[in-house]
file entry22.csv (CSV, C-alpha atoms)
chain,number,residue,atom,x,y,z
A,71,MET,CA,-69.1,52.9,-102.9
A,72,THR,CA,-68.0,51.8,-99.5
A,73,LYS,CA,-68.1,54.0,-96.3
A,74,VAL,CA,-65.2,53.7,-93.8
A,75,GLN,CA,-64.4,55.6,-90.7
A,76,ILE,CA,-61.3,57.5,-89.8
A,77,SER,CA,-59.6,56.1,-86.7
A,78,LYS,CA,-56.9,57.4,-84.4
A,79,TRP,CA,-53.6,55.6,-84.9
A,80,GLY,CA,-50.9,56.9,-82.5
A,81,ASN,CA,-50.3,60.5,-83.4
A,82,SER,CA,-51.8,60.0,-86.9
A,83,SER,CA,-55.1,58.9,-88.3
A,84,ALA,CA,-55.9,55.9,-90.5
A,85,ILE,CA,-58.7,54.3,-92.5
A,86,ARG,CA,-59.2,50.6,-92.9
A,87,LEU,CA,-59.9,49.3,-96.3
A,88,PRO,CA,-62.3,46.4,-96.5
A,89,LYS,CA,-61.1,43.2,-98.0
A,90,ALA,CA,-63.4,43.5,-101.0
A,91,VAL,CA,-61.8,46.9,-101.9
A,92,LEU,CA,-58.3,45.5,-101.5
A,93,GLU,CA,-59.2,42.6,-103.7
A,94,GLN,CA,-60.7,44.9,-106.4
A,95,LEU,CA,-57.5,46.9,-106.5
A,96,GLY,CA,-55.2,43.9,-106.3
A,97,LEU,CA,-53.7,45.1,-103.0
A,98,LYS,CA,-52.6,43.5,-99.7
A,99,ALA,CA,-51.5,44.7,-96.4
A,100,GLY,CA,-48.1,46.3,-96.7
A,101,ASP,CA,-48.5,47.4,-100.3
A,102,ALA,CA,-47.8,51.1,-101.2
A,103,VAL,CA,-50.4,53.5,-102.5
A,104,THR,CA,-50.2,57.1,-103.7
A,105,VAL,CA,-52.6,59.6,-102.2
A,106,ALA,CA,-53.7,62.5,-104.3
A,107,VAL,CA,-56.1,65.3,-103.2
A,108,GLU,CA,-58.4,66.7,-105.9
A,109,GLY,CA,-60.8,69.3,-104.5
A,110,GLU,CA,-62.5,67.5,-101.6
A,111,LYS,CA,-61.6,64.1,-102.9
A,112,ALA,CA,-58.7,61.9,-101.8
A,113,ILE,CA,-57.7,59.4,-104.5
A,114,LEU,CA,-55.8,56.3,-103.6
A,115,THR,CA,-53.8,54.7,-106.5
A,116,PRO,CA,-51.8,51.5,-106.1
A,117,ASP,CA,-48.1,52.2,-106.4
A,118,ARG,CA,-46.9,49.5,-108.8
A,119,SER,CA,-43.4,50.8,-109.1
A,120,PRO,CA,-41.0,48.2,-107.9
A,121,TYR,CA,-38.8,49.0,-104.9
A,122,ARG,CA,-35.2,49.2,-105.8
A,123,ALA,CA,-32.8,48.9,-103.0
A,124,PRO,CA,-29.6,50.8,-103.7
A,125,PRO,CA,-26.8,48.6,-105.0
A,126,LEU,CA,-23.9,47.9,-102.6
A,127,GLU,CA,-21.6,49.9,-104.8
A,128,GLU,CA,-23.8,53.0,-104.3
A,129,LEU,CA,-23.9,52.6,-100.5
A,130,ILE,CA,-20.1,52.2,-100.3
A,131,ALA,CA,-19.6,55.2,-102.6
A,132,GLU,CA,-21.8,57.3,-100.3
A,133,MET,CA,-19.9,56.2,-97.3
A,134,ASP,CA,-16.6,57.1,-99.0
A,135,ARG,CA,-18.1,60.5,-100.0
A,136,MET,CA,-19.1,61.3,-96.5
A,137,GLY,CA,-15.8,60.2,-95.0
A,138,TRP,CA,-15.1,58.1,-91.9
A,139,GLU,CA,-15.2,61.2,-89.6
A,140,ASN,CA,-19.0,61.1,-90.1
A,141,GLU,CA,-19.3,57.5,-89.0
A,142,PRO,CA,-21.8,57.3,-86.1
A,143,GLU,CA,-20.5,56.4,-82.7
A,144,THR,CA,-20.8,52.8,-81.5
A,145,VAL,CA,-23.2,52.7,-78.5
A,146,ASP,CA,-22.5,50.2,-75.8
A,147,TRP,CA,-25.9,49.2,-74.4
A,148,GLY,CA,-24.3,46.8,-71.9
A,149,PRO,CA,-24.7,43.1,-71.6
A,150,ASP,CA,-27.6,41.3,-73.3
A,151,VAL,CA,-30.5,40.6,-71.0
A,152,GLY,CA,-33.9,39.1,-71.6
A,153,SER,CA,-35.4,37.9,-74.9
A,154,GLU,CA,-32.4,39.1,-77.1
A,155,ILE,CA,-30.3,36.3,-75.6
A,156,ILE,CA,-30.3,33.3,-78.0
A,157,ASP,CA,-29.3,30.2,-76.3
A,158,ASP,CA,-29.1,27.4,-78.9
A,159,ASP,CA,-26.4,25.1,-80.4
A,160,TYR,CA,-25.9,27.4,-83.4
A,161,SER,CA,-25.1,30.4,-81.3
A,162,HIS,CA,-22.4,28.6,-79.4
A,163,ARG,CA,-20.3,27.6,-82.4
call {"tool": "encode", "arguments": {"input": "entry22.csv", "output": "structure tokens"}}
result
Amino acid sequence: MTKVQISKWGNSSAIRLPKAVLEQLGLKAGDAVTVAVEGEKAILTPDRSPYRAPPLEELIAEMDRMGWENEPETVDWGPDVGSEIIDDDYSHR
């Protein structure tokens, strides 16, 4: 059994899992877990279900279903400034 402390993380709270616990569960940073509450216990279970991005056909079908009148407006943020400007040979082709 390992003790950890709940910490503030923005408007939420978080716990850090020690490396040994992650290794025992076969987890790494970024992996998904399912949280279940049973009485006064919180049970973390690795979520091994693979992520399935929707196929392009499904995305296009949903766009068609919603109609072009529901397309979000294009926002003009003005000219690029600062670090989003990429100045290399590839960008000037």
call {"tool": "residues_around", "arguments": {"input": "entry22.csv", "residues": "Arg118 in chain A", "least_positions_apart": "6", "cutoff": "12 Å", "atoms": "only C-alpha atoms", "output": "PyMOL selection string"}}
result
chain A and resi 95-97+101-104
call {"tool": "write_last_selection", "arguments": {"input": "entry22.csv", "atoms": "C-alpha atoms", "output": "PDB file, in the frame of the given file"}}
result
ATOM      1  CA  LEU A  95     -57.500  46.900-106.500  1.00  0.00           C
ATOM      2  CA  GLY A  96     -55.200  43.900-106.300  1.00  0.00           C
ATOM      3  CA  LEU A  97     -53.700  45.100-103.000  1.00  0.00           C
ATOM      4  CA  ASP A 101     -48.500  47.400-100.300  1.00  0.00           C
ATOM      5  CA  ALA A 102     -47.800  51.100-101.200  1.00  0.00           C
ATOM      6  CA  VAL A 103     -50.400  53.500-102.500  1.00  0.00           C
ATOM      7  CA  THR A 104     -50.200  57.100-103.700  1.00  0.00           C
TER       8      THR A 104
END
call {"tool": "atom_distance", "arguments": {"input": "entry22.csv", "atom1": "CA of Ala106 in chain A", "atom2": "CA of Ser77 in chain A"}}
result
19.6 Å
call {"tool": "atom_distance", "arguments": {"input": "entry22.csv", "atom1": "CA of Ile130 in chain A", "atom2": "CA of Trp147 in chain A"}}
result
26.7 Å
call {"tool": "atom_distance", "arguments": {"input": "entry22.csv", "atom1": "CA of Ala99 in chain A", "atom2": "CA of Leu87 in chain A"}}
result
9.6 Å
call {"tool": "residues_around", "arguments": {"input": "entry22.csv", "residues": "Gly100 in chain A", "least_positions_apart": "6", "cutoff": "12 Å", "atoms": "all atoms listed in the file", "output": "list in words"}}
result
Leu92, Pro116 and Asp117 of chain A
call {"tool": "residues_around", "arguments": {"input": "entry22.csv", "residues": "Gln75 in chain A", "least_positions_apart": "5", "cutoff": "12 Å", "atoms": "all atoms listed in the file", "output": "VMD selection string"}}
result
chain A and resid 83 to 88
call {"tool": "decode", "arguments": {"input": "entry22.csv", "residues": "range 74-92 of chain A", "atoms": "N, CA and C atoms", "output": "JSON list (two decimals), in the first residue's frame"}}
result
[["chain", "number", "residue", "atom", "x", "y", "z"],
["A", 74, "VAL", "N", -0.43, 8.59, -0.94],
["A", 74, "VAL", "CA", -0.18, 9.76, -1.78],
["A", 74, "VAL", "C", -1.06, 10.89, -1.27],
["A", 75, "GLN", "N", -0.72, 12.11, -1.66],
["A", 75, "GLN", "CA", -1.46, 13.27, -1.18],
["A", 75, "GLN", "C", -2.23, 13.90, -2.34],
["A", 76, "ILE", "N", -3.42, 14.38, -2.05],
["A", 76, "ILE", "CA", -4.22, 15.08, -3.05],
["A", 76, "ILE", "C", -3.68, 16.51, -3.15],
["A", 77, "SER", "N", -3.44, 16.96, -4.40],
["A", 77, "SER", "CA", -2.90, 18.30, -4.64],
["A", 77, "SER", "C", -3.88, 19.10, -5.48],
["A", 78, "LYS", "N", -3.79, 20.40, -5.38],
["A", 78, "LYS", "CA", -4.59, 21.31, -6.21],
["A", 78, "LYS", "C", -4.00, 21.34, -7.60],
["A", 79, "TRP", "N", -4.85, 21.29, -8.64],
["A", 79, "TRP", "CA", -4.40, 21.35, -10.02],
["A", 79, "TRP", "C", -5.41, 22.19, -10.79],
["A", 80, "GLY", "N", -5.16, 23.49, -10.90],
["A", 80, "GLY", "CA", -6.12, 24.40, -11.51],
["A", 80, "GLY", "C", -7.37, 24.44, -10.67],
["A", 81, "ASN", "N", -8.52, 24.23, -11.30],
["A", 81, "ASN", "CA", -9.79, 24.19, -10.57],
["A", 81, "ASN", "C", -10.13, 22.79, -10.09],
["A", 82, "SER", "N", -9.25, 21.85, -10.33],
["A", 82, "SER", "CA", -9.48, 20.46, -9.94],
["A", 82, "SER", "C", -8.47, 20.04, -8.88],
["A", 83, "SER", "N", -8.51, 18.77, -8.55],
["A", 83, "SER", "CA", -7.52, 18.18, -7.65],
["A", 83, "SER", "C", -6.92, 16.98, -8.35],
["A", 84, "ALA", "N", -5.74, 16.58, -7.91],
["A", 84, "ALA", "CA", -5.05, 15.47, -8.56],
["A", 84, "ALA", "C", -4.23, 14.70, -7.55],
["A", 85, "ILE", "N", -3.94, 13.45, -7.92],
["A", 85, "ILE", "CA", -2.99, 12.66, -7.14],
["A", 85, "ILE", "C", -1.88, 12.23, -8.11],
["A", 86, "ARG", "N", -0.68, 12.11, -7.58],
["A", 86, "ARG", "CA", 0.43, 11.61, -8.37],
["A", 86, "ARG", "C", 0.64, 10.16, -8.00],
["A", 87, "LEU", "N", 0.77, 9.34, -9.03],
["A", 87, "LEU", "CA", 1.02, 7.92, -8.76],
["A", 87, "LEU", "C", 2.51, 7.66, -8.87],
["A", 88, "PRO", "N", 3.09, 7.05, -7.85],
["A", 88, "PRO", "CA", 4.52, 6.76, -7.89],
["A", 88, "PRO", "C", 4.87, 5.84, -9.06],
["A", 89, "LYS", "N", 6.10, 5.96, -9.51],
["A", 89, "LYS", "CA", 6.59, 5.17, -10.64],
["A", 89, "LYS", "C", 6.38, 3.67, -10.42],
["A", 90, "ALA", "N", 6.62, 3.21, -9.21],
["A", 90, "ALA", "CA", 6.47, 1.78, -8.91],
["A", 90, "ALA", "C", 5.03, 1.32, -9.11],
["A", 91, "VAL", "N", 4.06, 2.15, -8.75],
["A", 91, "VAL", "CA", 2.65, 1.80, -8.93],
["A", 91, "VAL", "C", 2.32, 1.74, -10.41],
["A", 92, "LEU", "N", 2.79, 2.73, -11.17],
["A", 92, "LEU", "CA", 2.56, 2.73, -12.62],
["A", 92, "LEU", "C", 3.16, 1.49, -13.27]]
